[in-house]
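Colleague: What follows is protein-v9.tsv, made up of TSV, C-alpha atoms and all ligand atoms:
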chain	number	residue	atom	x	y	z
B	1	MET	CA	-22.77	24.88	10.04
B	2	THR	CA	-19.67	25.00	7.83
B	3	GLN	CA	-18.81	21.68	6.21
B	4	ILE	CA	-15.37	20.41	7.26
B	5	TYR	CA	-13.20	18.42	4.86
B	6	SER	CA	-9.88	16.67	5.36
B	7	LYS	CA	-6.65	17.52	3.61
B	8	ILE	CA	-3.16	15.99	3.48
B	9	LEU	CA	-0.86	18.33	5.40
B	10	GLY	CA	2.34	16.33	4.90
B	11	THR	CA	3.69	13.01	3.67
B	12	GLY	CA	6.59	10.78	4.74
B	13	ARG	CA	8.23	7.43	4.14
B	14	PHE	CA	10.86	5.11	5.50
B	15	LEU	CA	12.74	2.31	3.76
B	16	PRO	CA	15.02	-0.11	5.58
B	17	GLU	CA	18.68	0.18	4.60
B	18	ARG	CA	19.23	-3.35	3.28
B	19	VAL	CA	18.59	-3.71	-0.45
B	20	LEU	CA	17.92	-7.07	-2.10
B	21	THR	CA	18.49	-6.95	-5.87
B	22	ASN	CA	17.26	-9.26	-8.59
B	23	ALA	CA	20.88	-10.42	-8.91
B	24	ASP	CA	20.79	-11.42	-5.22
B	25	LEU	CA	17.59	-13.41	-5.87
B	26	GLU	CA	19.29	-15.21	-8.78
B	27	GLN	CA	21.59	-16.70	-6.13
B	28	MET	CA	18.67	-17.82	-3.97
B	29	VAL	CA	16.08	-19.29	-6.40
B	30	ASP	CA	15.81	-20.39	-10.02
B	31	THR	CA	15.06	-16.98	-11.53
B	32	THR	CA	16.63	-14.25	-13.64
B	33	ASP	CA	16.80	-10.48	-13.46
B	34	GLU	CA	15.37	-10.47	-16.99
B	35	TRP	CA	12.28	-12.52	-15.98
B	36	ILE	CA	11.59	-10.45	-12.88
B	37	GLN	CA	11.88	-7.13	-14.70
B	38	ALA	CA	9.86	-8.24	-17.72
B	39	ARG	CA	7.02	-9.84	-15.72
B	40	THR	CA	6.83	-7.45	-12.78
B	41	GLY	CA	8.88	-4.26	-13.35
B	42	ILE	CA	10.81	-4.81	-10.11
B	43	LYS	CA	14.62	-4.41	-9.89
B	44	ARG	CA	15.23	-4.30	-6.15
B	45	ARG	CA	13.41	-4.16	-2.83
B	46	HIS	CA	14.29	-3.15	0.73
B	47	ILE	CA	14.34	-5.71	3.52
B	48	ALA	CA	14.03	-4.93	7.25
B	49	ALA	CA	16.97	-5.82	9.48
B	50	ASP	CA	16.41	-8.76	11.82
B	51	ASP	CA	15.76	-6.43	14.74
B	52	GLN	CA	13.57	-4.00	12.78
B	53	THR	CA	9.80	-4.39	13.15
B	54	THR	CA	6.79	-2.90	11.39
B	55	ALA	CA	6.38	-0.41	14.28
B	56	ASP	CA	9.99	0.78	13.74
B	57	LEU	CA	9.27	1.47	10.08
B	58	ALA	CA	5.88	3.03	10.87
B	59	GLU	CA	7.37	5.32	13.52
B	60	ALA	CA	10.08	6.59	11.15
B	61	ALA	CA	7.57	7.26	8.35
B	62	ALA	CA	5.24	8.98	10.84
B	63	ARG	CA	8.00	11.29	12.08
B	64	ASP	CA	8.89	12.12	8.46
B	65	ALA	CA	5.26	12.99	7.64
B	66	MET	CA	4.84	15.01	10.83
B	67	ALA	CA	7.98	17.03	10.06
B	68	ALA	CA	6.65	17.74	6.55
B	69	ALA	CA	3.28	18.78	7.98
B	70	GLY	CA	4.80	20.85	10.78
B	71	ALA	CA	2.84	18.73	13.26
B	72	GLU	CA	4.03	18.09	16.82
B	73	PRO	CA	3.20	14.86	18.68
B	74	GLY	CA	0.77	16.85	20.83
B	75	ASP	CA	-1.21	17.82	17.74
B	76	ILE	CA	-1.98	14.23	16.72
B	77	ASP	CA	-5.40	13.05	17.90
B	78	LEU	CA	-5.90	9.90	15.79
B	79	ILE	CA	-3.51	7.18	14.61
B	80	MET	CA	-4.41	4.58	11.97
B	81	VAL	CA	-1.94	1.97	10.79
B	82	GLY	CA	-2.76	-0.24	7.81
B	83	THR	CA	-0.68	-3.41	8.06
B	84	THR	CA	-0.86	-7.18	7.56
B	85	THR	CA	2.41	-7.70	9.39
B	86	PRO	CA	1.91	-6.26	12.88
B	87	ASP	CA	4.71	-6.66	15.45
B	88	GLN	CA	2.45	-8.71	17.68
B	89	VAL	CA	-1.23	-9.73	17.81
B	90	PHE	CA	-1.90	-6.86	20.19
B	91	PRO	CA	-1.35	-4.09	21.12
B	92	ASN	CA	-1.92	-2.88	17.57
B	93	VAL	CA	0.92	-1.07	15.77
B	94	GLY	CA	-0.96	2.24	16.22
B	95	CYS	CA	-0.61	1.91	20.01
B	96	LEU	CA	3.10	1.11	19.67
B	97	VAL	CA	3.66	4.15	17.44
B	98	GLN	CA	1.59	6.32	19.78
B	99	GLU	CA	3.76	5.40	22.77
B	100	ARG	CA	6.99	6.02	20.83
B	101	LEU	CA	5.77	9.45	19.77
B	102	GLY	CA	5.00	10.27	23.40
B	103	ILE	CA	1.30	10.77	22.68
B	104	HIS	CA	-1.27	9.52	25.18
B	105	GLY	CA	-5.01	9.07	25.02
B	106	CYS	CA	-5.94	9.49	21.34
B	107	PRO	CA	-7.49	6.53	19.51
B	108	ALA	CA	-4.96	4.29	17.76
B	109	PHE	CA	-6.11	1.60	15.33
B	110	GLY	CA	-4.52	-1.19	13.39
B	111	LEU	CA	-6.40	-1.85	10.18
B	112	GLU	CA	-5.95	-5.08	8.24
B	113	ALA	CA	-7.00	-4.89	4.60
B	114	ALA	CA	-3.80	-6.23	2.99
B	115	CYS	CA	-2.54	-3.98	0.16
B	116	SER	CA	-5.61	-1.73	0.49
B	117	GLY	CA	-4.83	-1.02	4.16
B	118	PHE	CA	-3.61	2.54	3.65
B	119	ILE	CA	-6.57	3.58	1.50
B	120	TYR	CA	-9.00	1.93	3.94
B	121	GLY	CA	-7.21	3.86	6.73
B	122	LEU	CA	-7.30	7.13	4.82
B	123	SER	CA	-11.02	6.70	4.24
B	124	VAL	CA	-11.69	6.13	7.96
B	125	ALA	CA	-9.45	9.00	9.06
B	126	ASP	CA	-11.10	11.30	6.50
B	127	ARG	CA	-14.47	10.62	8.17
B	128	PHE	CA	-13.03	11.37	11.65
B	129	VAL	CA	-11.66	14.70	10.43
B	130	ALA	CA	-14.72	15.60	8.35
B	131	ASN	CA	-17.11	15.05	11.27
B	132	GLY	CA	-14.89	17.01	13.64
B	133	THR	CA	-13.90	14.03	15.83
B	134	ALA	CA	-10.20	14.43	14.90
B	135	LYS	CA	-8.21	17.50	13.93
B	136	CYS	CA	-4.85	15.95	13.10
B	137	ALA	CA	-4.76	12.31	12.03
B	138	LEU	CA	-1.73	10.21	11.31
B	139	VAL	CA	-2.44	7.58	8.64
B	140	ILE	CA	0.31	5.03	8.09
B	141	GLY	CA	0.81	2.02	5.84
B	142	ALA	CA	3.67	-0.16	7.10
B	143	GLU	CA	4.81	-3.69	6.30
B	144	THR	CA	7.55	-6.21	6.91
B	145	LEU	CA	6.33	-8.68	4.28
B	146	SER	CA	9.79	-10.27	4.22
B	147	ARG	CA	8.78	-11.98	7.50
B	148	MET	CA	6.05	-13.99	5.80
B	149	THR	CA	7.72	-14.57	2.45
B	150	ASP	CA	8.93	-18.05	1.50
B	151	TRP	CA	12.44	-17.26	0.27
B	152	SER	CA	12.61	-20.59	-1.52
B	153	ASP	CA	9.44	-19.94	-3.60
B	154	ARG	CA	10.38	-18.09	-6.80
B	155	THR	CA	6.75	-17.39	-7.66
B	156	THR	CA	6.33	-15.07	-4.65
B	157	CYS	CA	9.71	-14.12	-3.18
B	158	VAL	CA	10.71	-11.92	-6.11
B	159	LEU	CA	7.68	-9.68	-5.55
B	160	PHE	CA	7.68	-8.34	-2.01
B	161	GLY	CA	9.57	-5.76	0.03
B	162	ASP	CA	9.42	-3.86	3.33
B	163	GLY	CA	8.75	-0.19	4.02
B	164	ALA	CA	6.37	2.37	5.47
B	165	GLY	CA	4.61	5.50	4.26
B	166	ALA	CA	2.50	8.02	6.14
B	167	VAL	CA	0.40	11.13	5.80
B	168	VAL	CA	-0.87	13.70	8.29
B	169	LEU	CA	-4.48	14.70	7.67
B	170	GLY	CA	-5.99	17.92	8.97
B	171	PRO	CA	-9.20	19.91	8.53
B	172	ALA	CA	-9.82	22.16	5.52
B	173	GLU	CA	-12.59	24.37	4.16
B	174	VAL	CA	-12.38	22.82	0.70
B	175	PRO	CA	-11.98	19.08	0.03
B	176	GLY	CA	-8.49	17.66	0.06
B	177	VAL	CA	-9.77	14.10	0.29
B	178	ILE	CA	-12.62	14.40	-2.21
B	179	SER	CA	-13.99	10.86	-2.17
B	180	CYS	CA	-12.96	7.37	-1.13
B	181	HIS	CA	-14.37	4.18	-2.62
B	182	LEU	CA	-13.79	0.86	-0.87
B	183	GLY	CA	-14.72	-2.69	-1.73
B	184	ALA	CA	-14.07	-6.31	-0.81
B	185	ASP	CA	-15.09	-9.75	-2.03
B	186	GLY	CA	-14.31	-12.72	0.18
B	187	ARG	CA	-15.20	-15.15	-2.61
B	188	TYR	CA	-11.69	-14.56	-3.94
B	189	GLN	CA	-9.92	-15.23	-0.64
B	190	ASP	CA	-8.02	-18.22	-2.06
B	191	LEU	CA	-6.18	-16.14	-4.68
B	192	LEU	CA	-3.88	-14.39	-2.19
B	193	TYR	CA	-3.62	-15.22	1.49
B	194	HIS	CA	-1.54	-16.18	4.48
B	195	PRO	CA	-2.95	-19.47	5.79
B	196	TYR	CA	-2.38	-19.09	9.51
B	197	GLY	CA	-3.00	-16.73	12.38
B	198	THR	CA	-4.01	-16.96	16.00
B	199	SER	CA	-7.35	-18.69	15.69
B	200	ARG	CA	-6.31	-20.88	12.76
B	201	LYS	CA	-2.94	-22.32	13.64
B	202	GLN	CA	-0.74	-24.45	11.46
B	203	ARG	CA	-1.50	-28.15	12.06
B	204	PRO	CA	0.88	-31.07	11.41
B	205	GLU	CA	-1.26	-32.17	8.42
B	206	ASP	CA	-1.13	-28.75	6.72
B	207	THR	CA	0.97	-28.79	3.57
B	208	GLU	CA	1.28	-25.00	3.17
B	209	GLY	CA	4.03	-23.25	5.07
B	210	PRO	CA	3.45	-20.07	7.12
B	211	PHE	CA	4.00	-17.85	4.11
B	212	ILE	CA	2.14	-15.72	1.57
B	213	GLN	CA	0.29	-17.97	-0.90
B	214	MET	CA	-0.70	-16.58	-4.28
B	215	ARG	CA	-2.36	-17.70	-7.50
B	216	GLY	CA	-0.56	-14.93	-9.36
B	217	ASN	CA	-2.03	-15.37	-12.79
B	218	GLU	CA	-5.63	-15.49	-11.53
B	219	ILE	CA	-5.33	-12.53	-9.17
B	220	PHE	CA	-3.65	-10.56	-11.94
B	221	LYS	CA	-6.80	-10.77	-14.08
B	222	VAL	CA	-9.14	-9.91	-11.20
B	223	ALA	CA	-6.84	-6.99	-10.27
B	224	VAL	CA	-6.98	-5.47	-13.75
B	225	LYS	CA	-10.79	-5.74	-13.95
B	226	THR	CA	-11.42	-4.50	-10.40
B	227	LEU	CA	-9.09	-1.52	-10.77
B	228	GLU	CA	-10.76	-0.55	-14.06
B	229	ASN	CA	-14.12	-0.64	-12.28
B	230	ILE	CA	-12.97	1.43	-9.32
B	231	VAL	CA	-11.38	4.05	-11.55
B	232	ASP	CA	-14.68	4.35	-13.46
B	233	GLU	CA	-16.65	4.47	-10.17
B	234	THR	CA	-14.44	7.25	-8.80
B	235	LEU	CA	-14.70	9.36	-11.94
B	236	GLU	CA	-18.47	8.86	-12.19
B	237	ALA	CA	-19.06	9.66	-8.51
B	238	ASN	CA	-17.32	12.99	-9.03
B	239	ASP	CA	-18.66	13.62	-12.53
B	240	LEU	CA	-15.13	13.97	-13.86
B	241	PRO	CA	-13.67	13.16	-17.27
B	242	ARG	CA	-10.56	10.96	-17.36
B	243	GLU	CA	-8.38	13.91	-18.44
B	244	ALA	CA	-9.11	15.71	-15.16
B	245	ILE	CA	-6.73	13.47	-13.19
B	246	ASP	CA	-3.22	14.96	-12.94
B	247	TRP	CA	-1.51	11.99	-11.29
B	248	LEU	CA	-2.18	8.31	-10.74
B	249	VAL	CA	-0.57	6.87	-7.60
B	250	PRO	CA	-1.27	3.15	-7.89
B	251	HIS	CA	-0.54	0.21	-5.63
B	252	GLN	CA	2.84	-1.07	-6.80
B	253	ALA	CA	2.18	-4.77	-7.45
B	254	ASN	CA	3.07	-5.25	-11.10
B	255	ILE	CA	3.96	-2.82	-13.90
B	256	ARG	CA	1.57	-4.58	-16.26
B	257	ILE	CA	-1.39	-4.10	-13.87
B	258	ILE	CA	-0.45	-0.42	-13.50
B	259	GLN	CA	-0.19	0.02	-17.28
B	260	ALA	CA	-3.70	-1.43	-17.68
B	261	THR	CA	-5.12	1.07	-15.16
B	262	ALA	CA	-3.28	3.96	-16.85
B	263	LYS	CA	-4.73	2.85	-20.17
B	264	ARG	CA	-8.24	2.92	-18.68
B	265	LEU	CA	-7.56	6.53	-17.68
B	266	ALA	CA	-6.01	7.30	-21.09
B	267	MET	CA	-3.10	8.54	-19.01
B	268	PRO	CA	0.50	8.62	-20.28
B	269	MET	CA	2.90	6.66	-18.06
B	270	GLU	CA	4.77	9.92	-17.25
B	271	LYS	CA	1.72	10.85	-15.16
B	272	VAL	CA	1.84	7.59	-13.20
B	273	VAL	CA	3.98	7.45	-10.08
B	274	LEU	CA	6.11	4.30	-10.19
B	275	THR	CA	8.23	3.10	-7.31
B	276	LEU	CA	7.97	-0.66	-7.74
B	277	GLU	CA	11.32	-0.78	-9.54
B	278	ASP	CA	13.02	0.18	-6.25
B	279	HIS	CA	10.46	-0.89	-3.63
B	280	GLY	CA	8.79	-4.04	-4.98
B	281	ASN	CA	5.31	-4.72	-3.63
B	282	THR	CA	5.15	-3.39	-0.06
B	283	SER	CA	1.40	-3.99	0.39
B	284	ALA	CA	-0.19	-1.27	2.57
B	285	ALA	CA	3.00	0.82	2.45
B	286	SER	CA	3.15	1.08	-1.33
B	287	VAL	CA	0.65	3.89	-2.02
B	288	PRO	CA	1.79	6.30	0.73
B	289	MET	CA	5.46	5.70	-0.17
B	290	ALA	CA	4.74	6.41	-3.84
B	291	LEU	CA	2.73	9.51	-2.91
B	292	ASP	CA	5.56	10.80	-0.73
B	293	THR	CA	8.11	10.10	-3.47
B	294	ALA	CA	6.24	12.24	-6.02
B	295	VAL	CA	5.48	15.00	-3.50
B	296	ARG	CA	9.12	15.28	-2.44
B	297	ASP	CA	10.58	15.21	-5.93
B	298	GLY	CA	8.20	18.02	-6.89
B	299	ARG	CA	6.04	16.16	-9.39
B	300	ILE	CA	2.85	16.39	-7.32
B	301	GLN	CA	2.15	20.04	-6.51
B	302	ARG	CA	-0.43	21.65	-4.25
B	303	GLY	CA	-3.75	21.81	-6.11
B	304	ASP	CA	-3.09	18.75	-8.30
B	305	LEU	CA	-5.85	16.17	-8.63
B	306	VAL	CA	-4.45	12.78	-7.63
B	307	LEU	CA	-6.04	9.34	-7.83
B	308	LEU	CA	-4.78	6.75	-5.35
B	309	GLU	CA	-5.79	3.12	-5.82
B	310	ALA	CA	-4.97	-0.25	-4.33
B	311	PHE	CA	-5.94	-3.88	-4.57
B	312	GLY	CA	-4.97	-6.86	-2.46
B	313	GLY	CA	-5.68	-10.04	-0.54
B	314	GLY	CA	-9.19	-10.49	0.75
B	315	LEU	CA	-9.91	-9.48	-1.88
B	316	THR	CA	-9.97	-5.85	-0.89
B	317	TRP	CA	-9.70	-2.76	-3.05
B	318	GLY	CA	-10.05	0.98	-2.76
B	319	SER	CA	-9.47	4.36	-4.34
B	320	ALA	CA	-9.13	7.88	-3.02
B	321	LEU	CA	-9.46	11.00	-5.11
B	322	ILE	CA	-7.53	13.84	-3.51
B	323	ARG	CA	-6.81	17.47	-4.29
B	324	TYR	CA	-3.28	17.62	-2.91
A	401	LIG	O1	-0.49	-6.85	-4.18
A	401	LIG	C1	-1.63	-7.62	-4.38
A	401	LIG	C2	-1.91	-7.86	-5.77
A	401	LIG	N1	-0.87	-8.63	-6.39
A	401	LIG	C3	-1.09	-9.12	-7.56
A	401	LIG	O2	-2.17	-8.90	-8.06
A	401	LIG	C4	-0.03	-9.93	-8.23
A	401	LIG	C5	-0.57	-10.35	-9.54
A	401	LIG	N2	0.19	-11.32	-10.27
A	401	LIG	C6	1.38	-11.03	-10.86
A	401	LIG	O3	1.96	-9.99	-10.67
A	401	LIG	C7	1.93	-12.06	-11.83
A	401	LIG	O4	0.96	-13.05	-12.03
A	401	LIG	C8	3.25	-12.70	-11.37
A	401	LIG	C9	4.37	-11.71	-11.50
A	401	LIG	C10	3.13	-13.20	-9.97
A	401	LIG	C11	3.58	-13.90	-12.29
A	401	LIG	O5	3.65	-13.46	-13.66
A	401	LIG	P1	2.90	-14.26	-14.79
A	401	LIG	O6	3.22	-13.60	-16.06
A	401	LIG	O7	1.45	-14.33	-14.39
A	401	LIG	O8	3.61	-15.66	-14.76
A	401	LIG	P2	2.96	-17.09	-14.50
A	401	LIG	O9	2.57	-17.24	-13.07
A	401	LIG	O10	1.92	-17.36	-15.55
A	401	LIG	O11	4.21	-18.01	-14.76
A	401	LIG	C12	4.82	-18.09	-16.07
A	401	LIG	C13	6.03	-18.98	-15.97
A	401	LIG	C14	5.79	-20.29	-15.29
A	401	LIG	O12	6.52	-21.29	-15.92
A	401	LIG	P3	5.81	-22.28	-16.95
A	401	LIG	O13	4.73	-22.97	-16.19
A	401	LIG	O14	5.27	-21.41	-18.05
A	401	LIG	O15	6.92	-23.17	-17.40
A	401	LIG	C15	6.37	-20.07	-13.91
A	401	LIG	O16	6.79	-21.26	-13.30
A	401	LIG	O17	7.06	-18.31	-15.24
A	401	LIG	C16	7.54	-19.19	-14.23
A	401	LIG	N3	7.97	-18.39	-13.10
A	401	LIG	C17	9.22	-17.88	-13.01
A	401	LIG	N4	10.29	-17.96	-13.81
A	401	LIG	C18	11.41	-17.33	-13.43
A	401	LIG	C19	7.26	-17.99	-12.02
A	401	LIG	N5	8.02	-17.24	-11.22
A	401	LIG	C20	9.24	-17.16	-11.81
A	401	LIG	C21	10.44	-16.52	-11.45
A	401	LIG	N6	11.49	-16.62	-12.28
A	401	LIG	N7	10.55	-15.80	-10.33
Turn this file's structure into structure tokens for me.

Modeller:
Amino acid sequence: MTQIYSKILGTGRFLPERVLTNADLEQMVDTTDEWIQARTGIKRRHIAADDQTTADLAEAAARDAMAAAGAEPGDIDLIMVGTTTPDQVFPNVGCLVQERLGIHGCPAFGLEAACSGFIYGLSVADRFVANGTAKCALVIGAETLSRMTDWSDRTTCVLFGDGAGAVVLGPAEVPGVISCHLGADGRYQDLLYHPYGTSRKQRPEDTEGPFIQMRGNEIFKVAVKTLENIVDETLEANDLPREAIDWLVPHQANIRIIQATAKRLAMPMEKVVLTLEDHGNTSAASVPMALDTAVRDGRIQRGDLVLLEAFGGGLTWGSALIRY
């Protein structure tokens, strides 16, 4: 029997219209444009309108990716949405997107792995396509992090933004998605988290507000180490030298974390796709938006070897090596 692989047929993204600059943040908290740029690399981020939800962003990115792939709603037979900011507890955002696209019956998942959500989703969808269960999968990373950001906390509010990115995956005779490597370690859960949910509600005695909580300095160090390890693991699993990688598409959390990963790959920064200056950290949306950016501006070409990686709350992490 012929081995089936999965391949990215098209990419898409959607950013809400409203832009919040570092100068805007200077008016809101005790910070400076200089500090934010020097410590993070971020200049501005997009923020969803009050009536815009994660499903709105996800739908727009999905339509963009489907148009690029030449896929019709009737072609889609699997929907995966990586998000930590779903519209509601259930139905999952995948079901909401499915209904808006006028598709009925195919499986639709929400997948919660914080910033690694898209790569976790890509890995699952790759398996569906590779074993013949799906022929045309929509994989989306979408977030409205602004809804769980404490806009009076300068240590977190300067970091996050909203957006969505998507890819359409289809079958191929040669690997498009070559290998995915996922990991998690719950021992580090206290470094980056949102304290409340449905089962664990905020109680009167709780001192933390219903916002993202982060021990930035500590997670920074774990991020650098973990990403170095996953880059090595991906190269070793595929018996590839570092020079083989054409493009690095990293999770856009902090320019200094990205520089450390590029250094591990001995890769010049011109070969690293950076969007954090304009997008901030959009969690699960960051990798697919960066991928789409470099595909559309012509940097990433068909046949290029691309390494995607992400790291986030959980802790979770993942990489995907793709031949675009
Ligand atoms: O997406 C998931 C993964 N995300 C991450 O892994 C994020 C990782 N962490 C980071 O990106 C960085 O740790 C931050 C950007 C969050 C912080 O940068 P840092 O260089 O680690 O700064 P710091 O937390 O060590 O703080 C240095 C100083 C502190 O002041 P003191 O104690 O030295 O007087 C902070 O209070 O900077 C201060 N500070 C700020 N100053 C101006 C913290 N936030 C701000 C701010 N503006 N927004």

Colleague: For chain B against ligand LIG 401 (chain A), with a cut-off of 9 Å and counting all atoms listed in the file, what is the closest atom pair and its distance in Å to one decimal for every residue that makes the cut, ordered by chain and number, as JSON lines?

Modeller:
{"residue": "B:Leu25", "atom": "CA", "partner": "A:LIG401", "partner_atom": "N7", "distance": 8.7}
{"residue": "B:Glu26", "atom": "CA", "partner": "A:LIG401", "partner_atom": "N6", "distance": 8.7}
{"residue": "B:Val29", "atom": "CA", "partner": "A:LIG401", "partner_atom": "N7", "distance": 7.6}
{"residue": "B:Asp30", "atom": "CA", "partner": "A:LIG401", "partner_atom": "N6", "distance": 6.2}
{"residue": "B:Thr31", "atom": "CA", "partner": "A:LIG401", "partner_atom": "N6", "distance": 3.7}
{"residue": "B:Thr32", "atom": "CA", "partner": "A:LIG401", "partner_atom": "N6", "distance": 5.8}
{"residue": "B:Asp33", "atom": "CA", "partner": "A:LIG401", "partner_atom": "N6", "distance": 8.2}
{"residue": "B:Glu34", "atom": "CA", "partner": "A:LIG401", "partner_atom": "N6", "distance": 8.7}
{"residue": "B:Trp35", "atom": "CA", "partner": "A:LIG401", "partner_atom": "C18", "distance": 5.5}
{"residue": "B:Ile36", "atom": "CA", "partner": "A:LIG401", "partner_atom": "N7", "distance": 6.0}
{"residue": "B:Ala38", "atom": "CA", "partner": "A:LIG401", "partner_atom": "O6", "distance": 8.7}
{"residue": "B:Arg39", "atom": "CA", "partner": "A:LIG401", "partner_atom": "C9", "distance": 5.3}
{"residue": "B:Thr40", "atom": "CA", "partner": "A:LIG401", "partner_atom": "C9", "distance": 5.1}
{"residue": "B:Gly41", "atom": "CA", "partner": "A:LIG401", "partner_atom": "C9", "distance": 8.9}
{"residue": "B:Ala114", "atom": "CA", "partner": "A:LIG401", "partner_atom": "C1", "distance": 7.8}
{"residue": "B:Cys115", "atom": "CA", "partner": "A:LIG401", "partner_atom": "O1", "distance": 5.6}
{"residue": "B:Ser116", "atom": "CA", "partner": "A:LIG401", "partner_atom": "O1", "distance": 8.6}
{"residue": "B:Asp153", "atom": "CA", "partner": "A:LIG401", "partner_atom": "N7", "distance": 8.0}
{"residue": "B:Arg154", "atom": "CA", "partner": "A:LIG401", "partner_atom": "N7", "distance": 4.2}
{"residue": "B:Thr155", "atom": "CA", "partner": "A:LIG401", "partner_atom": "N5", "distance": 3.8}
{"residue": "B:Thr156", "atom": "CA", "partner": "A:LIG401", "partner_atom": "C10", "distance": 6.5}
{"residue": "B:Cys157", "atom": "CA", "partner": "A:LIG401", "partner_atom": "N7", "distance": 7.4}
{"residue": "B:Val158", "atom": "CA", "partner": "A:LIG401", "partner_atom": "N7", "distance": 5.7}
{"residue": "B:Leu159", "atom": "CA", "partner": "A:LIG401", "partner_atom": "C9", "distance": 7.1}
{"residue": "B:Phe160", "atom": "CA", "partner": "A:LIG401", "partner_atom": "O1", "distance": 8.6}
{"residue": "B:Leu191", "atom": "CA", "partner": "A:LIG401", "partner_atom": "O2", "distance": 8.9}
{"residue": "B:Leu192", "atom": "CA", "partner": "A:LIG401", "partner_atom": "C1", "distance": 7.5}
{"residue": "B:Met214", "atom": "CA", "partner": "A:LIG401", "partner_atom": "C10", "distance": 7.6}
{"residue": "B:Arg215", "atom": "CA", "partner": "A:LIG401", "partner_atom": "O4", "distance": 7.3}
{"residue": "B:Gly216", "atom": "CA", "partner": "A:LIG401", "partner_atom": "O4", "distance": 3.6}
{"residue": "B:Asn217", "atom": "CA", "partner": "A:LIG401", "partner_atom": "O4", "distance": 3.9}
{"residue": "B:Glu218", "atom": "CA", "partner": "A:LIG401", "partner_atom": "O4", "distance": 7.0}
{"residue": "B:Ile219", "atom": "CA", "partner": "A:LIG401", "partner_atom": "O2", "distance": 4.9}
{"residue": "B:Phe220", "atom": "CA", "partner": "A:LIG401", "partner_atom": "C5", "distance": 3.9}
{"residue": "B:Lys221", "atom": "CA", "partner": "A:LIG401", "partner_atom": "C5", "distance": 7.7}
{"residue": "B:Val222", "atom": "CA", "partner": "A:LIG401", "partner_atom": "O2", "distance": 7.7}
{"residue": "B:Ala223", "atom": "CA", "partner": "A:LIG401", "partner_atom": "O2", "distance": 5.5}
{"residue": "B:Val224", "atom": "CA", "partner": "A:LIG401", "partner_atom": "O2", "distance": 8.2}
{"residue": "B:His251", "atom": "CA", "partner": "A:LIG401", "partner_atom": "O1", "distance": 7.2}
{"residue": "B:Gln252", "atom": "CA", "partner": "A:LIG401", "partner_atom": "O1", "distance": 7.2}
{"residue": "B:Ala253", "atom": "CA", "partner": "A:LIG401", "partner_atom": "O1", "distance": 4.7}
{"residue": "B:Asn254", "atom": "CA", "partner": "A:LIG401", "partner_atom": "O3", "distance": 4.9}
{"residue": "B:Ile255", "atom": "CA", "partner": "A:LIG401", "partner_atom": "O3", "distance": 8.1}
{"residue": "B:Arg256", "atom": "CA", "partner": "A:LIG401", "partner_atom": "O3", "distance": 7.8}
{"residue": "B:Ile257", "atom": "CA", "partner": "A:LIG401", "partner_atom": "O3", "distance": 7.5}
{"residue": "B:Asn281", "atom": "CA", "partner": "A:LIG401", "partner_atom": "O1", "distance": 6.2}
{"residue": "B:Thr282", "atom": "CA", "partner": "A:LIG401", "partner_atom": "O1", "distance": 7.8}
{"residue": "B:Ser283", "atom": "CA", "partner": "A:LIG401", "partner_atom": "O1", "distance": 5.7}
{"residue": "B:Ala284", "atom": "CA", "partner": "A:LIG401", "partner_atom": "O1", "distance": 8.8}
{"residue": "B:Ala310", "atom": "CA", "partner": "A:LIG401", "partner_atom": "O1", "distance": 8.0}
{"residue": "B:Phe311", "atom": "CA", "partner": "A:LIG401", "partner_atom": "C1", "distance": 5.7}
{"residue": "B:Gly312", "atom": "CA", "partner": "A:LIG401", "partner_atom": "C1", "distance": 3.9}
{"residue": "B:Gly313", "atom": "CA", "partner": "A:LIG401", "partner_atom": "C1", "distance": 6.1}
{"residue": "B:Leu315", "atom": "CA", "partner": "A:LIG401", "partner_atom": "C1", "distance": 8.8}

Colleague: For Thr234 (chain B), list every protein, DNA or RNA residue within 8 Å, evaluated using only C-alpha atoms, and leave out those in the same chain fewer than 4 positions away; present the list as a list in words.

Modeller: Ser179, Cys180, His181, Ile230, Asn238, Ser319, Ala320 and Leu321 of chain B

Colleague: Between B:Val139, B:Ala172, B:Ala266, B:Ala108, which has the minimum distance to Ala125 (chain B) (counting only C-alpha atoms)?

Modeller: B:Val139

Colleague: Extract, using only C-alpha atoms, all DNA, RNA and protein residues at most 10 Å from Ala58 (chain B), discarding same-chain residues fewer than 5 positions from it, and format them as a ChimeraX atom specification.

Modeller: /B:12-15,53,63-64,81-83,93-94,96-97,139-143,163-166,285

Colleague: If you measure from CA of Thr198 (chain B) to CA of Thr84 (chain B), what distance in Å do you get, rounded to one decimal?

Modeller: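 CA of Thr198 (chain B) sits 13.3 Å away from CA of Thr84 (chain B).
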
Colleague: Go ahead and compute the interatomic distance for CA of Asp246 (chain B) and CA of Arg302 (chain B), in Å to one decimal.

Modeller: 11.3 Å

Colleague: Please measure the separation of CA of Asn229 (chain B) and CA of Phe128 (chain B), giving the value in Å to one decimal.

Modeller: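 Those two atoms sit 26.8 Å apart.
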
Colleague: Name the closest residue to Phe118 (chain B) among the candidates B:Arg44, B:Ala23, B:Ile79, B:Ala294; distances are taken between atoms, counting only C-alpha atoms.

Modeller: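 Looking only at the distances to Phe118 (chain B), the closest residue turns out to be B:Ile79.
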
Colleague: Might you pull out every residue within 10 Å of Gly105 (chain B), with all atoms listed in the file counted and same-chain residues fewer than 4 positions away left off, and present them as number ranges by chain?

Modeller: B: 77-78, 95, 98-99

Colleague: As a ChimeraX atom specification, please: the residues near Ala65 (chain B) (cut-off 9 Å, all atoms listed in the file, same-chain neighbours under 4 positions excluded).

Modeller: /B:9-13,60-61,69-71,138,165-168,292
